[in-house]
file protein_32.txt (compact mmCIF, C-alpha atoms)
# COMPACT_ATOMS: atom_id res chain seq x y z
CA MET A 69 -28.77 -21.99 23.10
CA ILE A 70 -27.76 -22.30 26.76
CA ASN A 71 -24.73 -24.39 25.79
CA LEU A 72 -23.68 -21.76 23.22
CA LYS A 73 -23.98 -18.99 25.79
CA HIS A 74 -22.03 -21.08 28.28
CA SER A 75 -19.29 -21.68 25.70
CA LEU A 76 -19.04 -18.02 24.70
CA LEU A 77 -18.93 -16.65 28.27
CA PRO A 78 -15.22 -17.55 28.77
CA VAL A 79 -14.47 -16.04 25.34
CA ILE A 80 -16.15 -12.73 26.21
CA THR A 81 -14.44 -12.63 29.59
CA PHE A 82 -11.05 -13.33 28.02
CA ILE A 83 -11.57 -10.64 25.35
CA LYS A 84 -12.04 -8.02 28.06
CA ILE A 85 -8.97 -9.26 29.92
CA ASP A 86 -6.81 -9.40 26.80
CA VAL A 87 -7.73 -5.90 25.59
CA ARG A 88 -6.89 -4.46 29.02
CA ARG A 89 -3.64 -6.46 29.05
CA LEU A 90 -2.55 -5.12 25.68
CA PHE A 91 -3.14 -1.51 26.69
CA ARG A 92 -1.02 -2.11 29.81
CA ASP A 93 1.80 -3.62 27.74
CA LYS A 94 4.16 -0.77 26.79
CA VAL A 95 6.04 -2.86 24.21
CA ALA A 96 2.80 -3.90 22.49
CA ILE A 97 1.52 -0.33 22.47
CA PHE A 98 4.75 0.85 20.84
CA PHE A 99 4.71 -1.76 18.06
CA VAL A 100 0.97 -1.49 17.37
CA PHE A 101 0.49 2.29 17.58
CA PHE A 102 3.70 4.32 17.68
CA PHE A 103 6.03 2.31 15.43
CA PRO A 104 3.68 2.41 12.38
CA PHE A 105 2.94 6.07 13.16
CA ILE A 106 6.66 6.84 12.78
CA PHE A 107 6.53 5.30 9.30
CA LEU A 108 3.41 7.35 8.53
CA ILE A 109 5.22 10.59 9.39
CA ILE A 110 8.35 9.64 7.45
CA PHE A 111 6.62 8.47 4.26
CA GLY A 112 3.94 11.14 4.50
CA THR A 113 6.58 13.86 4.65
CA ILE A 114 8.47 12.36 1.71
CA PHE A 115 5.57 11.53 -0.60
CA SER A 116 2.73 13.90 0.25
CA GLY A 117 4.06 16.68 -1.92
CA SER A 118 5.62 17.05 -5.35
CA ASN A 119 8.99 18.68 -4.73
CA ASP A 120 11.04 16.93 -7.39
CA ILE A 121 13.25 19.08 -9.61
CA SER A 122 12.46 16.71 -12.47
CA PHE A 123 9.13 15.59 -13.84
CA LYS A 124 8.08 12.02 -14.58
CA VAL A 125 6.61 12.16 -18.05
CA ALA A 126 5.10 9.65 -20.46
CA LEU A 127 5.93 10.55 -24.05
CA ILE A 128 3.43 9.42 -26.70
CA ASN A 129 4.80 10.01 -30.19
CA ASP A 130 2.18 9.27 -32.86
CA SER A 131 4.13 11.11 -35.54
CA LYS A 132 6.46 9.33 -37.96
CA THR A 133 8.39 12.42 -39.07
CA GLU A 134 12.14 12.64 -38.66
CA PHE A 135 11.68 15.87 -36.71
CA SER A 136 9.40 14.20 -34.15
CA LYS A 137 11.92 11.38 -33.67
CA LYS A 138 14.75 13.85 -33.08
CA PHE A 139 12.55 15.97 -30.82
CA SER A 140 11.56 12.89 -28.78
CA GLN A 141 15.20 11.95 -28.32
CA ASP A 142 16.04 15.51 -27.23
CA LEU A 143 13.31 15.34 -24.59
CA ARG A 144 14.70 12.04 -23.32
CA ASP A 145 18.14 13.63 -23.03
CA ASN A 146 16.74 16.63 -21.14
CA GLU A 147 17.56 16.26 -17.44
CA VAL A 148 14.36 18.07 -16.41
CA PHE A 149 12.22 15.29 -17.88
CA ASP A 150 12.28 11.76 -16.53
CA ILE A 151 10.71 10.06 -19.54
CA ASP A 152 8.89 6.84 -18.70
CA ALA A 153 10.89 3.96 -20.13
CA GLY A 154 9.38 1.71 -22.77
CA GLU A 155 6.61 2.20 -25.29
CA VAL A 156 3.18 2.81 -23.76
CA THR A 157 -0.21 3.53 -25.26
CA LEU A 158 -2.19 6.61 -24.33
CA ASN A 159 -4.59 4.56 -22.19
CA GLU A 160 -1.67 2.90 -20.36
CA ALA A 161 -0.11 6.32 -19.77
CA ARG A 162 -3.42 7.67 -18.43
CA GLU A 163 -3.62 4.75 -16.01
CA LYS A 164 -0.06 5.39 -14.81
CA MET A 165 -0.86 9.07 -14.31
CA ARG A 166 -4.03 8.23 -12.42
CA ARG A 167 -2.01 5.94 -10.16
CA GLY A 168 0.57 8.67 -9.55
CA GLN A 169 3.42 6.87 -11.32
CA ILE A 170 3.94 9.80 -13.69
CA ASP A 171 3.23 13.54 -13.43
CA THR A 172 1.97 14.27 -16.91
CA ILE A 173 1.72 13.04 -20.51
CA VAL A 174 3.32 14.73 -23.53
CA SER A 175 1.51 13.68 -26.70
CA LEU A 176 2.87 14.42 -30.19
CA PRO A 177 0.03 14.09 -32.77
CA GLU A 178 0.41 12.42 -36.17
CA ASN A 179 1.05 15.71 -37.97
CA PHE A 180 3.69 16.91 -35.52
CA GLY A 181 6.82 17.95 -37.40
CA GLU A 182 5.26 17.94 -40.86
CA VAL A 183 6.29 20.74 -43.23
CA ASP A 184 3.68 23.50 -43.51
CA GLY A 185 3.11 26.24 -46.10
CA SER A 186 6.21 28.12 -44.99
CA ASN A 187 8.35 25.09 -45.88
CA SER A 188 9.33 24.55 -42.26
CA PRO A 189 8.20 21.88 -39.79
CA ALA A 190 5.33 22.74 -37.47
CA GLY A 191 3.08 21.14 -34.90
CA GLN A 192 1.37 21.36 -31.55
CA ALA A 193 2.35 19.23 -28.54
CA ILE A 194 -0.50 18.29 -26.19
CA ILE A 195 0.14 18.01 -22.46
CA LEU A 196 -2.38 15.92 -20.52
CA TYR A 197 -2.70 16.27 -16.76
CA ASP A 198 -5.02 15.30 -13.94
CA GLN A 199 -6.34 17.53 -11.19
CA ASN A 200 -3.65 16.63 -8.66
CA ASN A 201 -0.82 17.53 -11.05
CA GLU A 202 -2.11 20.72 -12.62
CA GLN A 203 0.82 22.72 -11.24
CA ALA A 204 3.31 20.20 -12.61
CA SER A 205 1.66 20.34 -16.04
CA ARG A 206 1.89 24.14 -16.09
CA THR A 207 5.58 23.95 -15.31
CA VAL A 208 6.12 21.31 -18.00
CA ALA A 209 4.15 23.46 -20.46
CA SER A 210 6.32 26.48 -19.64
CA ILE A 211 9.48 24.46 -20.24
CA MET A 212 8.09 23.12 -23.54
CA GLU A 213 7.14 26.66 -24.64
CA ALA A 214 10.71 27.79 -23.96
CA ILE A 215 12.04 24.87 -26.03
CA PHE A 216 9.63 25.66 -28.88
CA LYS A 217 10.56 29.34 -28.73
CA ASP A 218 14.15 28.42 -29.56
CA ILE A 219 13.01 26.05 -32.32
CA ASN A 220 10.69 28.67 -33.83
CA ALA A 221 13.50 31.22 -33.80
CA GLU A 222 15.68 28.77 -35.72
CA PHE A 223 13.15 27.97 -38.47
CA ASN A 224 10.92 31.04 -38.80
CA PRO A 225 11.19 33.82 -36.15
CA SER A 226 8.04 35.58 -37.37
CA VAL A 227 5.75 32.53 -37.09
CA GLU A 228 5.01 30.26 -34.13
CA SER A 229 5.36 26.97 -35.99
CA PHE A 230 5.39 24.95 -32.78
CA SER A 231 3.08 25.49 -29.78
CA VAL A 232 1.87 23.78 -26.62
CA LYS A 233 -1.67 22.90 -25.58
CA THR A 234 -2.65 21.61 -22.14
CA GLU A 235 -5.69 19.41 -21.59
CA SER A 236 -7.19 18.10 -18.37
CA THR A 237 -8.27 14.48 -18.14
CA SER A 238 -11.04 15.65 -15.76
CA GLN A 239 -9.86 13.08 -13.26
CA LYS A 240 -8.37 13.50 -9.86
CA GLY A 241 -5.16 11.51 -9.80
CA LEU A 242 -3.34 10.01 -6.87
CA ARG A 243 -0.24 11.11 -5.04
CA GLN A 244 2.46 8.62 -4.20
CA PHE A 245 1.46 8.92 -0.54
CA ASP A 246 -2.06 7.66 -1.36
CA TYR A 247 -0.49 4.37 -2.45
CA THR A 248 2.14 4.29 0.29
CA PHE A 249 -0.47 4.70 3.03
CA ALA A 250 -2.03 1.31 2.24
CA GLY A 251 1.38 -0.26 2.80
CA ILE A 252 1.68 1.52 6.14
CA LEU A 253 -1.67 0.06 7.21
CA GLY A 254 -0.40 -3.35 6.10
CA PHE A 255 2.69 -2.84 8.23
CA THR A 256 0.45 -1.93 11.18
CA LEU A 257 -1.45 -5.21 10.86
CA LEU A 258 1.83 -7.08 10.43
CA SER A 259 3.18 -5.55 13.65
CA LEU A 260 -0.02 -6.32 15.53
CA GLY A 261 -0.48 -9.85 14.21
CA VAL A 262 3.07 -11.20 14.02
CA PHE A 263 5.34 -9.24 16.35
CA GLY A 264 2.73 -8.98 19.10
CA PRO A 265 1.98 -12.70 19.69
CA THR A 266 5.61 -13.79 19.16
CA THR A 267 6.55 -11.45 21.98
CA VAL A 268 3.63 -12.05 24.31
CA PHE A 269 3.01 -15.82 24.17
CA PRO A 270 6.55 -16.97 25.02
CA ARG A 271 6.58 -14.47 27.89
CA LEU A 272 3.26 -15.83 29.19
CA LYS A 273 4.66 -19.36 28.99
CA GLN A 274 7.77 -18.46 30.95
CA ARG A 275 5.67 -16.80 33.64
CA GLY A 276 3.39 -19.81 33.84
CA VAL A 277 0.29 -17.82 32.85
CA LEU A 278 -0.70 -20.20 30.04
CA ARG A 279 -0.16 -23.17 32.34
CA ARG A 280 -2.70 -21.67 34.74
CA TYR A 281 -5.11 -21.04 31.86
CA ARG A 282 -4.89 -24.73 31.08
CA THR A 283 -6.24 -25.60 34.53
CA THR A 284 -9.35 -23.50 33.90
CA PRO A 285 -12.40 -24.52 31.80
CA LEU A 286 -10.96 -22.36 28.99
CA LYS A 287 -10.51 -24.52 25.86
CA VAL A 288 -7.94 -23.94 23.14
CA TRP A 289 -10.53 -22.79 20.59
CA GLN A 290 -12.01 -20.36 23.13
CA TYR A 291 -8.54 -19.01 23.84
CA PHE A 292 -7.93 -18.58 20.09
CA VAL A 293 -11.27 -16.89 19.44
CA GLY A 294 -10.80 -14.55 22.41
CA ASN A 295 -7.35 -13.54 21.18
CA VAL A 296 -8.54 -13.07 17.60
CA VAL A 297 -11.48 -10.87 18.59
CA SER A 298 -9.47 -8.76 21.03
CA ASN A 299 -6.72 -8.23 18.45
CA SER A 300 -9.29 -7.38 15.78
CA ILE A 301 -10.65 -4.67 18.07
CA ILE A 302 -7.15 -3.33 18.64
CA GLY A 303 -6.45 -3.54 14.89
CA LEU A 304 -9.53 -1.44 14.06
CA ILE A 305 -8.53 1.14 16.67
CA ALA A 306 -4.94 1.28 15.37
CA VAL A 307 -6.02 1.59 11.73
CA GLY A 308 -8.65 4.18 12.67
CA LEU A 309 -6.05 6.35 14.42
CA MET A 310 -3.64 5.97 11.49
CA PHE A 311 -6.40 6.89 9.05
CA ILE A 312 -7.41 9.99 11.00
CA SER A 313 -3.76 11.06 11.24
CA ALA A 314 -3.26 10.60 7.48
CA VAL A 315 -6.37 12.64 6.66
CA VAL A 316 -5.54 15.46 9.09
CA LEU A 317 -1.78 15.66 8.50
CA PHE A 318 -1.41 14.64 4.85
CA ASP A 319 -4.84 15.21 3.29
CA LEU A 320 -5.46 11.55 2.42
CA GLU A 321 -8.45 11.03 0.15
CA MET A 322 -10.67 8.02 0.86
CA ARG A 323 -12.52 6.91 -2.27
CA GLY A 324 -13.99 3.64 -1.05
CA ASN A 325 -16.48 2.40 1.52
CA TYR A 326 -15.44 2.49 5.18
CA LEU A 327 -17.30 -0.73 6.00
CA ASN A 328 -15.45 -2.55 3.21
CA LEU A 329 -12.17 -1.24 4.59
CA ALA A 330 -13.11 -2.32 8.12
CA LEU A 331 -13.97 -5.84 6.89
CA VAL A 332 -10.63 -6.18 5.09
CA VAL A 333 -8.81 -4.88 8.18
CA VAL A 334 -10.53 -7.47 10.38
CA MET A 335 -9.79 -10.28 7.90
CA GLY A 336 -6.19 -9.11 7.64
CA THR A 337 -5.82 -8.92 11.40
CA VAL A 338 -7.22 -12.44 11.81
CA LEU A 339 -4.80 -13.81 9.20
CA MET A 340 -1.72 -11.97 10.53
CA PHE A 341 -2.58 -12.91 14.11
CA GLY A 342 -2.84 -16.55 13.03
CA ILE A 343 0.76 -16.38 11.82
CA GLY A 344 1.88 -14.82 15.10
CA LEU A 345 -0.17 -17.34 17.05
CA SER A 346 1.49 -20.22 15.18
CA LEU A 347 5.00 -18.91 15.88
CA GLY A 348 4.40 -17.66 19.42
CA GLY A 349 2.27 -20.66 20.37
CA TRP A 350 5.00 -23.09 19.29
CA ALA A 351 8.07 -21.24 20.61
CA LYS A 352 9.13 -22.02 24.18
CA ASN A 353 10.74 -18.64 24.79
CA GLU A 354 11.40 -15.27 23.16
CA ASN A 355 14.82 -16.38 21.91
CA GLN A 356 13.06 -18.90 19.69
CA ALA A 357 10.16 -16.65 18.72
CA ALA A 358 12.03 -13.47 17.73
CA PRO A 359 14.16 -14.97 14.92
CA LEU A 360 11.15 -16.86 13.56
CA ALA A 361 9.09 -13.66 13.52
CA GLN A 362 11.83 -11.82 11.62
CA LEU A 363 12.23 -14.71 9.18
CA VAL A 364 8.54 -14.63 8.33
CA ALA A 365 7.85 -10.88 8.56
CA LEU A 366 10.79 -9.39 6.66
CA PRO A 367 10.10 -11.12 3.30
CA MET A 368 6.43 -10.15 3.55
CA MET A 369 7.40 -6.59 4.43
CA PHE A 370 9.51 -6.12 1.31
CA LEU A 371 7.61 -8.30 -1.18
CA SER A 372 3.98 -7.55 -0.34
CA GLY A 373 3.75 -3.90 -1.39
CA VAL A 374 4.27 -2.40 2.07
CA PHE A 375 6.82 0.19 0.95
CA PHE A 376 5.99 0.38 -2.78
CA PRO A 377 3.17 -1.02 -4.96
CA THR A 378 3.63 -4.55 -6.27
CA PHE A 379 2.77 -3.40 -9.81
CA LEU A 380 6.24 -1.81 -9.93
CA MET A 381 7.83 -5.25 -9.58
CA PRO A 382 8.77 -7.47 -12.57
CA ASP A 383 5.88 -9.62 -13.82
CA LEU A 384 7.54 -12.86 -12.72
CA LEU A 385 7.97 -11.59 -9.17
CA GLN A 386 4.39 -10.26 -9.12
CA ASN A 387 3.06 -13.72 -10.00
CA ILE A 388 4.86 -15.09 -6.93
CA THR A 389 4.28 -12.32 -4.41
CA ARG A 390 0.54 -12.05 -5.02
CA TYR A 391 0.13 -15.29 -3.04
CA ILE A 392 2.14 -14.10 -0.02
CA PRO A 393 -0.35 -13.67 2.90
CA LEU A 394 0.20 -9.93 3.35
CA THR A 395 -0.01 -9.05 -0.37
CA PRO A 396 -3.79 -9.46 -0.85
CA ILE A 397 -4.37 -7.51 2.37
CA VAL A 398 -2.29 -4.54 1.23
CA ASP A 399 -3.71 -4.72 -2.31
CA SER A 400 -7.29 -4.80 -1.01
CA VAL A 401 -6.73 -1.84 1.31
CA ARG A 402 -5.00 0.07 -1.49
CA LEU A 403 -7.76 -0.62 -4.02
CA ILE A 404 -10.49 0.41 -1.57
CA ILE A 405 -8.77 3.66 -0.60
CA THR A 406 -7.50 4.71 -4.02
CA GLU A 407 -10.04 3.25 -6.45
CA GLY A 408 -13.16 2.69 -4.38
CA ALA A 409 -13.10 -1.06 -5.01
CA THR A 410 -16.08 -3.13 -3.86
CA LEU A 411 -15.99 -6.49 -2.12
CA VAL A 412 -17.15 -8.15 -5.33
CA SER A 413 -14.21 -6.76 -7.29
CA LEU A 414 -11.89 -7.82 -4.46
CA MET A 415 -13.00 -11.47 -4.47
CA PRO A 416 -9.62 -12.77 -5.81
CA GLN A 417 -7.77 -11.07 -2.93
CA LEU A 418 -10.36 -12.02 -0.32
CA THR A 419 -10.27 -15.64 -1.49
CA ILE A 420 -6.52 -15.77 -0.99
CA ILE A 421 -6.89 -14.21 2.48
CA ALA A 422 -9.59 -16.73 3.44
CA GLY A 423 -7.54 -19.65 2.11
CA TRP A 424 -4.44 -18.61 4.03
CA THR A 425 -6.52 -18.07 7.17
CA VAL A 426 -7.80 -21.66 7.11
CA ILE A 427 -4.31 -23.05 6.50
CA ILE A 428 -2.65 -20.88 9.15
CA TYR A 429 -5.14 -21.72 11.91
CA ILE A 430 -4.91 -25.44 11.22
CA ILE A 431 -1.16 -25.07 11.69
CA ALA A 432 -1.68 -22.91 14.79
CA PHE A 433 -3.92 -25.55 16.44
CA LYS A 434 -1.34 -28.23 15.68
CA LEU A 435 1.63 -26.25 17.02
CA PHE A 436 0.10 -24.49 20.03
CA ARG A 437 1.57 -25.36 23.44
CA TRP A 438 0.27 -24.24 26.82
CA GLU A 439 3.80 -24.38 28.23

call {"tool": "encode", "arguments": {"input": "protein_32.txt", "output": "structure tokens"}}
result
Amino acid sequence: MINLKHSLLPVITFIKIDVRRLFRDKVAIFFVFFFPFIFLIIFGTIFSGSNDISFKVALINDSKTEFSKKFSQDLRDNEVFDIDAGEVTLNEAREKMRRGQIDTIVSLPENFGEVDGSNSPAGQAIILYDQNNEQASRTVASIMEAIFKDINAEFNPSVESFSVKTESTSQKGLRQFDYTFAGILGFTLLSLGVFGPTTVFPRLKQRGVLRRYRTTPLKVWQYFVGNVVSNSIIGLIAVGLMFISAVVLFDLEMRGNYLNLALVVVMGTVLMFGIGLSLGGWAKNENQAAPLAQLVALPMMFLSGVFFPTFLMPDLLQNITRYIPLTPIVDSVRLIITEGATLVSLMPQLTIIAGWTVIIYIIAFKLFRWE
């Protein structure tokens, strides 16, 4: 017990020193706090509202009539409607709407376009919407009513052969910002874990700080643990500030457990910092470290769902990118925030994070240089 306390004392001391050092480092503060915040403002402004002049719609045509086929094609040609490409089932369309990929669903029942007693086609289109897109569904319904008004006037002006019915799914869907925010948090951890160490460690080497550390009783594992803990603390603070800003400024809705989110953030910080520690610990100076950091960070930034969800990528690319270190972090954060995922349901992602963490720190121990 005494030996454990003696071993941890340098770690605790170094954690205090490293946290104070980071808050005195203007470059580190910018990349950890202000740079991701700029992305939050930009993407929050773009995606927090629904200001499109067109509506993303999933069209479900269960009717086999010639009229329904022609009507479906006319809707696809209408510039107001951005019809979701490909054939989708109603359940798949509901999932896309819940995720915020589409605004509403236009469903044409089996009897849509069949000839009624007046010897003219008739039917009722059903518009499904969730709570977040009620306004969009009303607008789509108004447009559809105007289209049907012209059709009714053509076939039978005295009878409303075609009509529109709106139905709520009784679910609260997601805005595009709700998905984008998880990517912004991933970018925050990427900035903290990769860009921070690759900037700081080479600078400490050039100044001889690490050389002086080597003359102290501080061991490499104590130095690593101290850095990891201090950066995890900073990561939680950075994510907490980003989260508060998103809730206050852009009305972000948190559906999951905050402790689960904190655990994923800590695990993500540890993994990302291990990558930065490997690069910064090996590089002799910043000229070596900066290109390496860009080489590693940029692919992760664009392939790990930072700027858009990975489920929008082709299946082949998804099968590759899911094993990139940042991908399971962003996916876990996104699933916790948007779907209230539990740690049990996130075991595939957490396993990948844990596996990468072990691999990365073995590499970091092998590559680390005091000078």

call {"tool": "atom_distance", "arguments": {"input": "protein_32.txt", "atom1": "atom CA of A:Leu385", "atom2": "atom CA of A:Val125"}}
result
25.4 Å

call {"tool": "closest_residue", "arguments": {"input": "protein_32.txt", "among": "A:Ile252, A:Gly423, A:Gln169, A:Ala190", "to": "A:Ala314", "atoms": "all atoms listed in the file"}}
result
A:Ile252

call {"tool": "closest_residue", "arguments": {"input": "protein_32.txt", "among": "A:Pro189, A:Gly336, A:Gly342, A:Pro393", "to": "A:Ile431", "atoms": "all atoms listed in the file"}}
result
A:Gly342

call {"tool": "closest_residue", "arguments": {"input": "protein_32.txt", "among": "A:Gln192, A:Thr395, A:Ser300, A:Thr133", "to": "A:Met212", "atoms": "only C-alpha atoms"}}
result
A:Gln192

call {"tool": "atom_distance", "arguments": {"input": "protein_32.txt", "atom1": "atom CA of A:Leu345", "atom2": "atom CA of A:Pro396"}}
result
19.9 Å

call {"tool": "closest_residue", "arguments": {"input": "protein_32.txt", "among": "A:Leu258, A:Ile312, A:Val174, A:Ile430", "to": "A:Trp289", "atoms": "all atoms listed in the file"}}
result
A:Ile430

call {"tool": "atom_distance", "arguments": {"input": "protein_32.txt", "atom1": "atom CA of A:Ser372", "atom2": "atom CA of A:Ile388"}}
result
10.1 Å

call {"tool": "axis_aligned_box", "arguments": {"input": "protein_32.txt", "around": "stretch 357-368 of chain A", "padding_each_side": "5 Å", "output": "JSON"}}
result
{"center_x": 10.3, "center_y": -13.1, "center_z": 11.0, "size_x": 17.7, "size_y": 17.5, "size_z": 25.4}

call {"tool": "residues_around", "arguments": {"input": "protein_32.txt", "residues": "A:Gln417", "least_positions_apart": "5", "cutoff": "9 Å", "atoms": "only C-alpha atoms", "output": "list of chain:residue names"}}
result
A:Arg390, A:Tyr391, A:Thr395, A:Pro396, A:Ile397, A:Asp399, A:Ser400, A:Ala422

call {"tool": "write_last_selection", "arguments": {"input": "protein_32.txt", "atoms": "C-alpha atoms", "output": "mmCIF file, keeping the file's coordinate frame"}}
result
data_model
loop_
_atom_site.group_PDB
_atom_site.id
_atom_site.type_symbol
_atom_site.label_atom_id
_atom_site.label_comp_id
_atom_site.auth_asym_id
_atom_site.auth_seq_id
_atom_site.Cartn_x
_atom_site.Cartn_y
_atom_site.Cartn_z
ATOM 1 C CA ARG A 390 0.540 -12.050 -5.020
ATOM 2 C CA TYR A 391 0.130 -15.290 -3.040
ATOM 3 C CA THR A 395 -0.010 -9.050 -0.370
ATOM 4 C CA PRO A 396 -3.790 -9.460 -0.850
ATOM 5 C CA ILE A 397 -4.370 -7.510 2.370
ATOM 6 C CA ASP A 399 -3.710 -4.720 -2.310
ATOM 7 C CA SER A 400 -7.290 -4.800 -1.010
ATOM 8 C CA ALA A 422 -9.590 -16.730 3.440
#

call {"tool": "closest_residue", "arguments": {"input": "protein_32.txt", "among": "A:Asn325, A:Ser175, A:Ser210, A:Gln362", "to": "A:Asp130", "atoms": "only C-alpha atoms"}}
result
A:Ser175
